[in-house]
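Below: the structure, in structure tokens.
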Amino acid sequence: MQLYIDSANLKEIEHAASMGFISGVTTNPSLLAKEDPKADIRKLLLDIHKNVGGHVSVEVISTDTEGMLREADEILSWFPDATIKIPFIPAGLAAVRNLSNRNIPTNVTLLFTANQALIAANAGATYVSVFLGRLDDISTDGVQAVRDTCEIWEVHGLESLIIAASIRHPIHLLECAKAGAHIATTPYKVLLQSIKHPLTDAGLASFLADHKKMMDAKGTS
Ligand code: G3P
């Protein structure tokens with residue numbers, strides 16, 4: 001399972017990318033607005049793209065097919081390898097079909113069921129983003145939606161890549177990897193939580209202390 005960072009914060013993205021295990025970035029209008037409501041979106045996205053050098057999903061905000069396609073063309077004029085993120089609404093599905101016919105990668109977002117993911121895949125989505133945290137928020141098992149999606153993909157050999165999105169904690173990451181999601185787009189905080197382990201830190205501290213003892217004994221610290 002590949003790991004993307006779900007963020008529009010350049011510092012977070014730069015730090016995550018510098019560690020070498022991130023393959024992409026997903027953004028959405030809320031993440032962009034959270035950073036700086038006055039930000040130059042084009043510049044910010046270009047900076048993000050430059051830092052990661054991999055997948056960058058950029059979401060359209062139109063709710064009609066024509067508007068979405070116009071926005072997609074604008075985003076692609078900024079960087080031609082952008083993935084166009086499209087909301088799962090009927091107008092969005094038509095936009096996905098159009099972009100897919102032109103071999104432009106799409107990420108269908110705001111999916112909450114395996115059936116929605118299946119429909120998005122049939123419209124030609126390159127990526128389908130299943131939001132699990134928001135399901136958990138309303139007392140519905142979000143991981144189960146990812147498991148169902150992965151099971152359908154396994155049975156039918158579907159080609160769209162499943163992105164587990166709206167990840168809230170490291171256990172979500174673990175469960176999505178076990179379920180067979182291709183990608184988990186993960187907030188910076190959860191990436192750091194998943195890196196950290198007290199035994200790793202304690203182990204390193206004791207290795208360093210023991211090494212220092214040896215150096216001290218030799219008078220070469
Ligand atoms: O990629 C989708 C994600 O941004 C949604 O996450 O935490 O707003 O539910 P959240």
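Chains: A, B, ... in order of the structure tokens. Residues: from 1 per chain. Ligands: from 1, in order shown.
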
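For ligand 1, the neighbouring protein, DNA and RNA residues, which are those within 6 Å when only C-alpha atoms and all ligand atoms are counted, are Asp6, Gly133, Arg134, Ala165 and Ser166 of chain A.
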
Any chance you can output those residues with N, CA and C atoms as a CSV table (one decimal), in the first residue's frame?
chain,number,residue,atom,x,y,z
A,6,ASP,N,-2.2,13.7,3.0
A,6,ASP,CA,-3.5,14.4,2.7
A,6,ASP,C,-3.3,15.8,3.4
A,133,GLY,N,-13.0,7.8,7.8
A,133,GLY,CA,-13.2,8.5,9.1
A,133,GLY,C,-14.5,9.2,9.2
A,134,ARG,N,-15.0,9.7,8.1
A,134,ARG,CA,-16.3,10.4,8.2
A,134,ARG,C,-17.5,9.4,8.4
A,165,ALA,N,-9.2,7.1,2.3
A,165,ALA,CA,-9.1,8.6,2.6
A,165,ALA,C,-9.9,8.8,3.9
A,166,SER,N,-9.7,10.1,4.4
A,166,SER,CA,-10.3,10.4,5.7
A,166,SER,C,-9.8,9.5,6.8

Quick one: contact table of range 104-135 of chain A to range 16-37 of chain A, 12 Å max, nearest atom pair and distance in Å to one decimal per residue, counting only C-alpha atoms, chain and number order, as a tab-separated table?
residue	atom	partner	partner_atom	distance
A:Thr106	CA	A:Thr26	CA	11.8
A:Asn107	CA	A:Thr26	CA	9.4
A:Val108	CA	A:Thr26	CA	11.6
A:Thr109	CA	A:Asn28	CA	9.4
A:Leu110	CA	A:Asn28	CA	10.6
A:Tyr127	CA	A:Thr26	CA	11.4
A:Ser129	CA	A:Thr26	CA	10.2

As a tab-separated table (two decimals) with N, CA and C atoms, in the first residue's frame, please: the residues near Glu151 in chain A (cut-off 10 Å, only C-alpha atoms, same-chain neighbours under 3 positions excluded).
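around20.tsv, written as the output of this step:
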chain	number	residue	atom	x	y	z
A	114	ALA	N	-19.08	0.91	-1.14
A	114	ALA	CA	-18.42	0.14	-2.19
A	114	ALA	C	-19.20	0.28	-3.50
A	145	ALA	N	-16.35	-0.35	4.80
A	145	ALA	CA	-16.58	0.16	3.44
A	145	ALA	C	-15.33	-0.07	2.58
A	146	VAL	N	-14.16	0.11	3.18
A	146	VAL	CA	-12.90	-0.14	2.44
A	146	VAL	C	-12.76	-1.64	2.17
A	147	ARG	N	-13.05	-2.45	3.19
A	147	ARG	CA	-12.96	-3.92	2.99
A	147	ARG	C	-13.89	-4.38	1.87
A	148	ASP	N	-15.14	-3.88	1.88
A	148	ASP	CA	-16.12	-4.27	0.84
A	148	ASP	C	-15.60	-3.88	-0.54
A	154	GLU	N	-11.18	-7.43	-5.88
A	154	GLU	CA	-10.52	-8.75	-5.96
A	154	GLU	C	-11.35	-9.70	-6.82
A	155	VAL	N	-12.67	-9.70	-6.60
A	155	VAL	CA	-13.56	-10.62	-7.34
A	155	VAL	C	-13.56	-10.29	-8.83
A	156	HIS	N	-13.61	-8.98	-9.14
A	156	HIS	CA	-13.81	-8.58	-10.54
A	156	HIS	C	-12.55	-8.09	-11.24
A	157	GLY	N	-11.47	-8.02	-10.52
A	157	GLY	CA	-10.21	-7.58	-11.13
A	157	GLY	C	-10.30	-6.16	-11.69
A	179	ALA	N	-6.80	-4.71	4.49
A	179	ALA	CA	-7.95	-4.90	3.60
A	179	ALA	C	-7.51	-4.98	2.14
A	180	GLY	N	-6.36	-4.35	1.82
A	180	GLY	CA	-5.87	-4.39	0.44
A	180	GLY	C	-6.04	-3.09	-0.33
A	181	ALA	N	-6.26	-1.97	0.39
A	181	ALA	CA	-6.30	-0.67	-0.31
A	181	ALA	C	-4.95	-0.46	-0.99

From the DSSP assignment of the backbone, select every residue of range 82-219 of chain A that is helix (DSSP H, G or I), and format the answer as a ChimeraX atom specification. /A:90-101,114-122,133-137,142-156,170-179,188-195,198-218

Closest atom pairs, range 76-183 of chain A residues within 12 Å of range 195-215 of chain A, only C-alpha atoms, as a Markdown table:
| residue | atom | partner | partner_atom | distance |
| --- | --- | --- | --- | --- |
| A:His169 | CA | A:Ile195 | CA | 11.9 |
| A:Pro170 | CA | A:Ile195 | CA | 9.3 |
| A:Leu173 | CA | A:Ile195 | CA | 11.8 |

Restrict the selected residues to N, CA, C and O atoms and save them as an mmCIF file, in the first residue's frame.
data_model
loop_
_atom_site.group_PDB
_atom_site.id
_atom_site.type_symbol
_atom_site.label_atom_id
_atom_site.label_comp_id
_atom_site.auth_asym_id
_atom_site.auth_seq_id
_atom_site.Cartn_x
_atom_site.Cartn_y
_atom_site.Cartn_z
ATOM 1 N N HIS A 169 -6.379 7.824 12.317
ATOM 2 C CA HIS A 169 -5.395 7.342 13.298
ATOM 3 C C HIS A 169 -4.640 6.141 12.726
ATOM 4 O O HIS A 169 -5.059 5.573 11.699
ATOM 5 N N PRO A 170 -3.543 5.742 13.367
ATOM 6 C CA PRO A 170 -2.711 4.664 12.809
ATOM 7 C C PRO A 170 -3.446 3.332 12.628
ATOM 8 O O PRO A 170 -3.095 2.555 11.736
ATOM 9 N N LEU A 173 -4.864 3.075 9.284
ATOM 10 C CA LEU A 173 -3.832 2.756 8.296
ATOM 11 C C LEU A 173 -3.600 1.240 8.241
ATOM 12 O O LEU A 173 -3.581 0.629 7.167
#

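Distances to His182 in chain A were evaluated for A:Ile48, A:Met68, A:Ile162, A:Ile167 using only C-alpha atoms, and the minimum falls at A:Ile162.
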
Please, which residues of range 87-206 of chain A, numbered as in this document, come out strand (DSSP E or B) from DSSP, as an mmCIF file with all heavy atoms, in the first residue's frame?
data_model
loop_
_atom_site.group_PDB
_atom_site.id
_atom_site.type_symbol
_atom_site.label_atom_id
_atom_site.label_comp_id
_atom_site.auth_asym_id
_atom_site.auth_seq_id
_atom_site.Cartn_x
_atom_site.Cartn_y
_atom_site.Cartn_z
ATOM 1 N N PRO A 87 -15.860 15.300 -7.478
ATOM 2 C CA PRO A 87 -16.815 14.772 -6.493
ATOM 3 C C PRO A 87 -17.778 13.753 -7.126
ATOM 4 O O PRO A 87 -18.123 13.876 -8.303
ATOM 5 C CB PRO A 87 -17.576 16.020 -6.028
ATOM 6 C CG PRO A 87 -17.443 16.999 -7.139
ATOM 7 C CD PRO A 87 -16.125 16.717 -7.812
ATOM 8 N N THR A 106 -8.018 10.684 -13.041
ATOM 9 C CA THR A 106 -9.047 11.259 -12.165
ATOM 10 C C THR A 106 -9.057 10.533 -10.823
ATOM 11 O O THR A 106 -8.738 9.347 -10.754
ATOM 12 C CB THR A 106 -10.450 11.116 -12.800
ATOM 13 O OG1 THR A 106 -10.653 9.732 -13.109
ATOM 14 C CG2 THR A 106 -10.601 11.954 -14.052
ATOM 15 N N ASN A 107 -9.448 11.278 -9.816
ATOM 16 C CA ASN A 107 -9.599 10.724 -8.475
ATOM 17 C C ASN A 107 -11.031 11.075 -8.038
ATOM 18 O O ASN A 107 -11.329 12.254 -7.828
ATOM 19 C CB ASN A 107 -8.544 11.371 -7.560
ATOM 20 C CG ASN A 107 -8.684 10.973 -6.106
ATOM 21 O OD1 ASN A 107 -9.600 10.248 -5.726
ATOM 22 N ND2 ASN A 107 -7.778 11.481 -5.276
ATOM 23 N N VAL A 108 -11.888 10.074 -7.949
ATOM 24 C CA VAL A 108 -13.280 10.365 -7.571
ATOM 25 C C VAL A 108 -13.379 10.363 -6.050
ATOM 26 O O VAL A 108 -13.003 9.396 -5.382
ATOM 27 C CB VAL A 108 -14.270 9.369 -8.211
ATOM 28 C CG1 VAL A 108 -15.691 9.671 -7.756
ATOM 29 C CG2 VAL A 108 -14.179 9.457 -9.731
ATOM 30 N N THR A 109 -13.877 11.479 -5.542
ATOM 31 C CA THR A 109 -13.827 11.714 -4.097
ATOM 32 C C THR A 109 -15.225 11.723 -3.481
ATOM 33 O O THR A 109 -16.229 11.761 -4.198
ATOM 34 C CB THR A 109 -13.074 13.041 -3.825
ATOM 35 O OG1 THR A 109 -12.874 13.188 -2.417
ATOM 36 C CG2 THR A 109 -13.842 14.258 -4.340
ATOM 37 N N LEU A 110 -15.245 11.669 -2.158
ATOM 38 C CA LEU A 110 -16.492 11.666 -1.388
ATOM 39 C C LEU A 110 -17.290 10.384 -1.601
ATOM 40 O O LEU A 110 -18.514 10.405 -1.725
ATOM 41 C CB LEU A 110 -17.337 12.904 -1.712
ATOM 42 C CG LEU A 110 -16.767 14.230 -1.185
ATOM 43 C CD1 LEU A 110 -17.487 15.436 -1.803
ATOM 44 C CD2 LEU A 110 -16.846 14.306 0.337
ATOM 45 N N LEU A 111 -16.560 9.253 -1.627
ATOM 46 C CA LEU A 111 -17.212 7.946 -1.733
ATOM 47 C C LEU A 111 -17.367 7.358 -0.334
ATOM 48 O O LEU A 111 -16.409 7.359 0.447
ATOM 49 C CB LEU A 111 -16.357 6.999 -2.587
ATOM 50 C CG LEU A 111 -16.062 7.455 -4.012
ATOM 51 C CD1 LEU A 111 -15.091 6.496 -4.690
ATOM 52 C CD2 LEU A 111 -17.337 7.554 -4.823
ATOM 53 N N TYR A 127 -8.585 6.636 -9.811
ATOM 54 C CA TYR A 127 -8.529 6.404 -8.363
ATOM 55 C C TYR A 127 -9.936 6.569 -7.788
ATOM 56 O O TYR A 127 -10.705 7.428 -8.251
ATOM 57 C CB TYR A 127 -7.628 7.439 -7.675
ATOM 58 C CG TYR A 127 -6.205 7.460 -8.178
ATOM 59 C CD1 TYR A 127 -5.848 8.278 -9.254
ATOM 60 C CD2 TYR A 127 -5.212 6.686 -7.584
ATOM 61 C CE1 TYR A 127 -4.534 8.315 -9.730
ATOM 62 C CE2 TYR A 127 -3.897 6.721 -8.051
ATOM 63 C CZ TYR A 127 -3.574 7.541 -9.119
ATOM 64 O OH TYR A 127 -2.268 7.574 -9.586
ATOM 65 N N VAL A 128 -10.264 5.773 -6.792
ATOM 66 C CA VAL A 128 -11.530 5.945 -6.068
ATOM 67 C C VAL A 128 -11.194 6.167 -4.590
ATOM 68 O O VAL A 128 -10.482 5.377 -3.978
ATOM 69 C CB VAL A 128 -12.482 4.727 -6.245
ATOM 70 C CG1 VAL A 128 -12.926 4.601 -7.699
ATOM 71 C CG2 VAL A 128 -11.847 3.413 -5.791
ATOM 72 N N SER A 129 -11.656 7.284 -4.048
ATOM 73 C CA SER A 129 -11.308 7.637 -2.659
ATOM 74 C C SER A 129 -12.465 7.329 -1.719
ATOM 75 O O SER A 129 -13.505 7.999 -1.764
ATOM 76 C CB SER A 129 -10.963 9.129 -2.569
ATOM 77 O OG SER A 129 -9.701 9.365 -3.121
ATOM 78 N N VAL A 130 -12.266 6.319 -0.883
ATOM 79 C CA VAL A 130 -13.302 5.922 0.072
ATOM 80 C C VAL A 130 -12.991 6.603 1.413
ATOM 81 O O VAL A 130 -11.900 6.418 1.970
ATOM 82 C CB VAL A 130 -13.343 4.382 0.228
ATOM 83 C CG1 VAL A 130 -14.442 3.971 1.203
ATOM 84 C CG2 VAL A 130 -13.541 3.716 -1.130
ATOM 85 N N PHE A 131 -13.939 7.378 1.907
ATOM 86 C CA PHE A 131 -13.743 8.179 3.125
ATOM 87 C C PHE A 131 -14.169 7.377 4.351
ATOM 88 O O PHE A 131 -15.361 7.275 4.635
ATOM 89 C CB PHE A 131 -14.631 9.426 3.062
ATOM 90 C CG PHE A 131 -14.061 10.577 2.275
ATOM 91 C CD1 PHE A 131 -13.325 10.382 1.122
ATOM 92 C CD2 PHE A 131 -14.289 11.875 2.698
ATOM 93 C CE1 PHE A 131 -12.822 11.458 0.403
ATOM 94 C CE2 PHE A 131 -13.786 12.960 1.998
ATOM 95 C CZ PHE A 131 -13.046 12.752 0.848
ATOM 96 N N LEU A 161 -7.509 2.379 -8.844
ATOM 97 C CA LEU A 161 -6.765 2.199 -7.591
ATOM 98 C C LEU A 161 -7.588 2.729 -6.424
ATOM 99 O O LEU A 161 -8.161 3.834 -6.503
ATOM 100 C CB LEU A 161 -5.421 2.926 -7.686
ATOM 101 C CG LEU A 161 -4.486 2.361 -8.762
ATOM 102 C CD1 LEU A 161 -3.260 3.243 -8.932
ATOM 103 C CD2 LEU A 161 -4.075 0.930 -8.431
ATOM 104 N N ILE A 162 -7.657 1.937 -5.370
ATOM 105 C CA ILE A 162 -8.471 2.301 -4.194
ATOM 106 C C ILE A 162 -7.631 3.142 -3.233
ATOM 107 O O ILE A 162 -6.582 2.688 -2.751
ATOM 108 C CB ILE A 162 -8.967 1.038 -3.465
ATOM 109 C CG1 ILE A 162 -9.811 0.172 -4.404
ATOM 110 C CG2 ILE A 162 -9.742 1.401 -2.195
ATOM 111 C CD1 ILE A 162 -10.067 -1.242 -3.884
ATOM 112 N N ILE A 163 -8.105 4.358 -2.984
ATOM 113 C CA ILE A 163 -7.451 5.217 -1.989
ATOM 114 C C ILE A 163 -8.308 5.211 -0.723
ATOM 115 O O ILE A 163 -9.487 5.555 -0.765
ATOM 116 C CB ILE A 163 -7.323 6.678 -2.477
ATOM 117 C CG1 ILE A 163 -6.517 6.751 -3.787
ATOM 118 C CG2 ILE A 163 -6.682 7.551 -1.411
ATOM 119 C CD1 ILE A 163 -6.251 8.181 -4.286
ATOM 120 N N ALA A 164 -7.710 4.789 0.384
ATOM 121 C CA ALA A 164 -8.384 4.939 1.678
ATOM 122 C C ALA A 164 -8.150 6.381 2.125
ATOM 123 O O ALA A 164 -7.002 6.824 2.262
ATOM 124 C CB ALA A 164 -7.804 3.960 2.696
ATOM 125 N N ALA A 165 -9.230 7.127 2.302
ATOM 126 C CA ALA A 165 -9.132 8.552 2.630
ATOM 127 C C ALA A 165 -9.903 8.832 3.907
ATOM 128 O O ALA A 165 -10.632 7.972 4.403
ATOM 129 C CB ALA A 165 -9.674 9.393 1.481
ATOM 130 N N ILE A 183 -3.673 2.515 -1.769
ATOM 131 C CA ILE A 183 -3.068 3.759 -1.298
ATOM 132 C C ILE A 183 -3.837 4.194 -0.048
ATOM 133 O O ILE A 183 -5.051 3.991 0.034
ATOM 134 C CB ILE A 183 -3.215 4.861 -2.379
ATOM 135 C CG1 ILE A 183 -2.453 4.467 -3.655
ATOM 136 C CG2 ILE A 183 -2.742 6.230 -1.866
ATOM 137 C CD1 ILE A 183 -3.064 5.001 -4.926
ATOM 138 N N ALA A 184 -3.125 4.781 0.900
ATOM 139 C CA ALA A 184 -3.827 5.466 2.001
ATOM 140 C C ALA A 184 -3.351 6.906 1.981
ATOM 141 O O ALA A 184 -2.138 7.168 2.046
ATOM 142 C CB ALA A 184 -3.498 4.824 3.341
ATOM 143 N N THR A 185 -4.273 7.836 1.851
ATOM 144 C CA THR A 185 -3.880 9.237 1.935
ATOM 145 C C THR A 185 -4.095 9.678 3.368
ATOM 146 O O THR A 185 -5.198 9.573 3.923
ATOM 147 C CB THR A 185 -4.590 10.121 0.884
ATOM 148 O OG1 THR A 185 -3.938 11.400 0.929
ATOM 149 C CG2 THR A 185 -6.082 10.272 1.090
ATOM 150 N N THR A 186 -3.008 10.116 3.978
ATOM 151 C CA THR A 186 -2.935 10.168 5.437
ATOM 152 C C THR A 186 -2.529 11.558 5.913
ATOM 153 O O THR A 186 -1.581 12.130 5.371
ATOM 154 C CB THR A 186 -1.870 9.123 5.884
ATOM 155 O OG1 THR A 186 -2.167 7.885 5.245
ATOM 156 C CG2 THR A 186 -1.854 8.914 7.367
#
